[in-house]
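Raw contents of upload.txt, compact mmCIF, C-alpha atoms:
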```txt
# COMPACT_ATOMS: atom_id res chain seq x y z
CA MET A 750 -3.99 19.22 -10.71
CA ALA A 751 -7.38 17.63 -11.20
CA ASP A 752 -9.56 16.99 -8.18
CA SER A 753 -11.05 13.59 -7.50
CA THR A 754 -13.62 13.76 -10.32
CA LYS A 755 -13.59 10.98 -12.87
CA ALA A 756 -13.68 13.27 -15.94
CA GLY A 757 -10.62 13.47 -18.15
CA LEU A 758 -8.51 10.72 -16.58
CA LYS A 759 -5.55 9.66 -18.65
CA LYS A 760 -3.83 6.25 -18.53
CA PRO A 761 -2.71 5.08 -16.07
CA ALA A 762 -5.52 6.10 -13.74
CA PHE A 763 -4.44 6.87 -10.20
CA THR A 764 -6.52 5.98 -7.16
CA LYS A 765 -6.76 8.11 -4.02
CA VAL A 766 -6.31 6.38 -0.66
CA ASP A 767 -9.90 7.10 0.44
CA GLN A 768 -11.21 5.28 -2.66
CA LEU A 769 -9.59 1.95 -1.72
CA ARG A 770 -12.05 -0.84 -0.88
CA PRO A 771 -11.73 -4.47 0.30
CA GLY A 772 -11.19 -7.09 -2.39
CA THR A 773 -9.99 -4.64 -5.04
CA SER A 774 -6.76 -4.68 -7.03
CA GLY A 775 -5.00 -2.99 -9.93
CA HIS A 776 -4.52 0.29 -8.07
CA ASN A 777 -1.91 2.89 -9.01
CA VAL A 778 -1.34 5.09 -5.97
CA ASN A 779 1.01 8.02 -5.29
CA VAL A 780 1.75 8.10 -1.55
CA LYS A 781 4.10 9.60 1.00
CA ILE A 782 5.60 7.33 3.63
CA VAL A 783 4.60 8.56 7.10
CA SER A 784 6.25 5.81 9.15
CA THR A 785 7.68 2.33 8.76
CA LYS A 786 8.14 -0.52 11.21
CA MET A 787 9.87 -3.87 10.65
CA VAL A 788 7.51 -6.62 11.80
CA LEU A 789 9.28 -9.76 10.56
CA GLN A 790 12.87 -10.52 9.67
CA LYS A 791 13.94 -14.11 9.34
CA GLY A 792 15.92 -16.28 7.03
CA ARG A 793 19.12 -18.20 6.66
CA ALA A 794 22.26 -16.91 5.07
CA ASP A 795 23.52 -20.45 4.53
CA GLY A 796 22.07 -23.21 2.38
CA PRO A 797 21.62 -23.52 -1.38
CA GLN A 798 19.19 -20.59 -1.53
CA ALA A 799 20.18 -17.78 0.78
CA ARG A 800 16.69 -16.42 1.32
CA GLN A 801 15.67 -13.86 3.82
CA LEU A 802 12.08 -12.89 4.53
CA ARG A 803 11.55 -9.30 5.60
CA ILE A 804 8.20 -7.64 6.15
CA SER A 805 7.56 -4.12 7.35
CA GLU A 806 4.31 -2.30 7.92
CA CYS A 807 4.35 1.25 6.65
CA ILE A 808 1.80 4.00 7.13
CA VAL A 809 1.47 5.59 3.68
CA GLY A 810 -0.97 8.23 2.50
CA ASP A 811 -2.04 11.11 0.33
CA GLU A 812 -4.22 14.19 0.80
CA THR A 813 -7.33 11.99 1.31
CA GLY A 814 -6.09 9.60 4.03
CA VAL A 815 -3.58 6.95 5.10
CA ILE A 816 -3.45 3.15 4.95
CA VAL A 817 -1.07 0.43 6.13
CA PHE A 818 1.17 -0.79 3.30
CA THR A 819 2.79 -4.19 3.80
CA ALA A 820 6.29 -4.04 2.28
CA ARG A 821 8.02 -7.34 1.54
CA ASN A 822 11.71 -8.13 1.07
CA ASP A 823 13.29 -5.70 -1.47
CA GLN A 824 10.35 -3.30 -1.08
CA VAL A 825 11.41 -2.72 2.55
CA ASP A 826 14.56 -0.89 1.40
CA LEU A 827 12.52 1.57 -0.68
CA MET A 828 10.20 2.54 2.16
CA LYS A 829 11.98 5.48 3.79
CA GLU A 830 10.05 7.85 6.03
CA GLY A 831 9.24 11.12 4.28
CA SER A 832 9.86 9.86 0.75
CA THR A 833 7.22 9.57 -1.96
CA VAL A 834 6.53 6.34 -3.84
CA THR A 835 4.25 5.24 -6.65
CA LEU A 836 2.65 1.85 -6.03
CA ARG A 837 1.73 0.25 -9.36
CA ASN A 838 -0.84 -2.54 -9.63
CA ALA A 839 -1.34 -2.57 -5.85
CA LYS A 840 -4.04 -4.67 -4.23
CA ILE A 841 -5.99 -4.71 -1.00
CA ASP A 842 -5.34 -7.62 1.37
CA MET A 843 -7.55 -8.12 4.41
CA TYR A 844 -5.88 -8.70 7.76
CA LYS A 845 -8.10 -9.29 10.82
CA GLY A 846 -10.96 -7.40 9.18
CA SER A 847 -8.95 -4.35 8.11
CA MET A 848 -7.44 -3.30 4.80
CA ARG A 849 -3.74 -3.53 4.00
CA LEU A 850 -2.27 -2.23 0.77
CA ALA A 851 0.25 -4.59 -0.87
CA VAL A 852 2.22 -4.95 -4.09
CA ASP A 853 2.91 -8.52 -5.23
CA LYS A 854 5.15 -9.80 -8.03
CA TRP A 855 2.74 -8.36 -10.65
CA GLY A 856 3.20 -4.82 -9.35
CA ARG A 857 5.97 -2.34 -8.71
CA VAL A 858 7.13 0.10 -6.05
CA GLU A 859 8.88 3.16 -7.51
CA VAL A 860 10.50 6.00 -5.60
CA THR A 861 9.35 9.25 -7.23
CA GLU A 862 9.72 13.01 -6.90
CA PRO A 863 8.60 14.40 -3.53
CA ALA A 864 4.85 15.05 -3.60
CA SER A 865 3.43 18.49 -2.93
CA PHE A 866 0.40 17.26 -1.00
CA LYS A 867 0.09 17.14 2.79
CA VAL A 868 -0.84 13.68 4.09
CA LYS A 869 -4.24 13.56 5.81
CA GLU A 870 -3.27 11.40 8.79
CA ASP A 871 -6.60 11.59 10.64
CA THR A 872 -8.35 9.36 8.07
CA ASN A 873 -6.78 5.91 8.46
CA MET A 874 -8.43 3.45 6.07
CA SER A 875 -6.81 0.53 7.92
CA LEU A 876 -8.71 1.42 11.11
CA ILE A 877 -12.07 0.79 9.42
CA GLU A 878 -13.17 -2.70 10.38
CA TYR A 879 -14.95 -4.75 7.75
CA GLU A 880 -17.10 -7.77 8.42
CA LEU A 881 -17.41 -10.56 5.87
CA VAL A 882 -21.09 -10.88 5.03
CA ASN A 883 -22.60 -13.55 2.80
CA VAL A 884 -25.26 -12.09 0.54
CA VAL A 885 -28.09 -14.44 -0.34
CA GLU A 886 -30.06 -13.49 -3.44
```

Just dump the structure as structure tokens.
Amino acid sequence: MADSTKAGLKKPAFTKVDQLRPGTSGHNVNVKIVSTKMVLQKGRADGPQARQLRISECIVGDETGVIVFTARNDQVDLMKEGSTVTLRNAKIDMYKGSMRLAVDKWGRVEVTEPASFKVKEDTNMSLIEYELVNVVE
């Protein structure tokens, strides 16, 4: 297992949780699900399009730290505590000044083999508060 050096990376490149930054996207991340909490469940079973909106916030992480992952609709079913998932083409959304990891329609959530790493829960990237600053050149 290679450490976090950039040398010798093969495609696809995987990002560690502590390398995630605001405004970035295209991340491939292997994470364990620490906890999951349903925050929104609404929708109508009747009507021409039976649509239901479900959102859960999950604490996911690897050996470098944890971050809040916002799971939407079908992704919610894949987010089981203790399981390992690969998030492909994930992006960082900002919510009230903190980072949230998300996978939109251009990405994928895949359940994978259980990871051997121990999640570093004391480094929560979503607890770092960012302030939007305009840079004048």

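From CA of Asn883 in chain A back to CA of Arg849 in chain A, the distance works out to 21.4 Å.
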
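With all atoms listed in the file as the basis for measurement, A:Val809 is the residue among A:Ala851, A:Val778, A:Ile841, A:Val809 that approaches Lys867 in chain A most closely.
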
CA of Met843 in chain A to CA of Glu806 in chain A measures 13.7 Å

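CA of Val834 in chain A is found 13.0 Å from CA of Ser784 in chain A.
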
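Protein and nucleic acid residues near (8.3, 5.5, 4.0) are A:Val780, A:Lys781, A:Ile782, A:Val783, A:Ser784, A:Thr785, A:Cys807, A:Ile808, A:Val809, A:Val825, A:Leu827, A:Met828, A:Lys829, A:Glu830, A:Gly831, A:Ser832, A:Thr833, A:Val834, the criterion being any atom at most 9 Å away using all atoms listed in the file.
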
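With distances taken over all atoms listed in the file, A:Met848 is the one residue among A:Thr813, A:Val868, A:Met848, A:Val858 lying closest to Glu880 in chain A.
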
Residue with the minimum atom-to-atom distance to Ser847 in chain A, picked from A:Ala864, A:Ile804, A:Asp823, A:Leu769 with all atoms listed in the file counted, is A:Leu769

- Can you list, as a ChimeraX atom specification, every protein, DNA or RNA residue that comes within 9 Å of Lys765 in chain A when you count all atoms listed in the file, leaving out same-chain residues fewer than 5 positions away? /A:753,777-780,810-814

If you count only C-alpha atoms, the residue of A:Thr819, A:Ser805, A:Asn873, A:Thr764 closest to Arg837 in chain A turns out to be A:Thr764

For Thr872 in chain A, the closest of A:Val788, A:Ile816, A:Leu802, A:Leu836 counting only C-alpha atoms is A:Ile816

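Summary of the local environment: counting only C-alpha atoms, residues at most 7 Å from Lys840 in chain A, other than itself and those fewer than 2 positions away along its chain, are Thr773, Ser774, Gly775, His776, Asn838, Asp842, Leu850, Ala851 and Val852 of chain A.
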
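Using only C-alpha atoms for every distance, the candidate list A:Tyr879, A:Tyr844, A:Phe866, A:Phe818 yields A:Tyr879 as the residue closest to Arg770 in chain A.
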
Let me have the centre and edge lengths in Å, one decimal, of the box along x, y and z around every listed atom of range 773-786 of chain A with 4 Å of margin on each side, as AutoDock Vina command-line options.
```
--center_x -0.9 --center_y 2.5 --center_z 0.6 --size_x 26.1 --size_y 22.3 --size_z 29.1
```
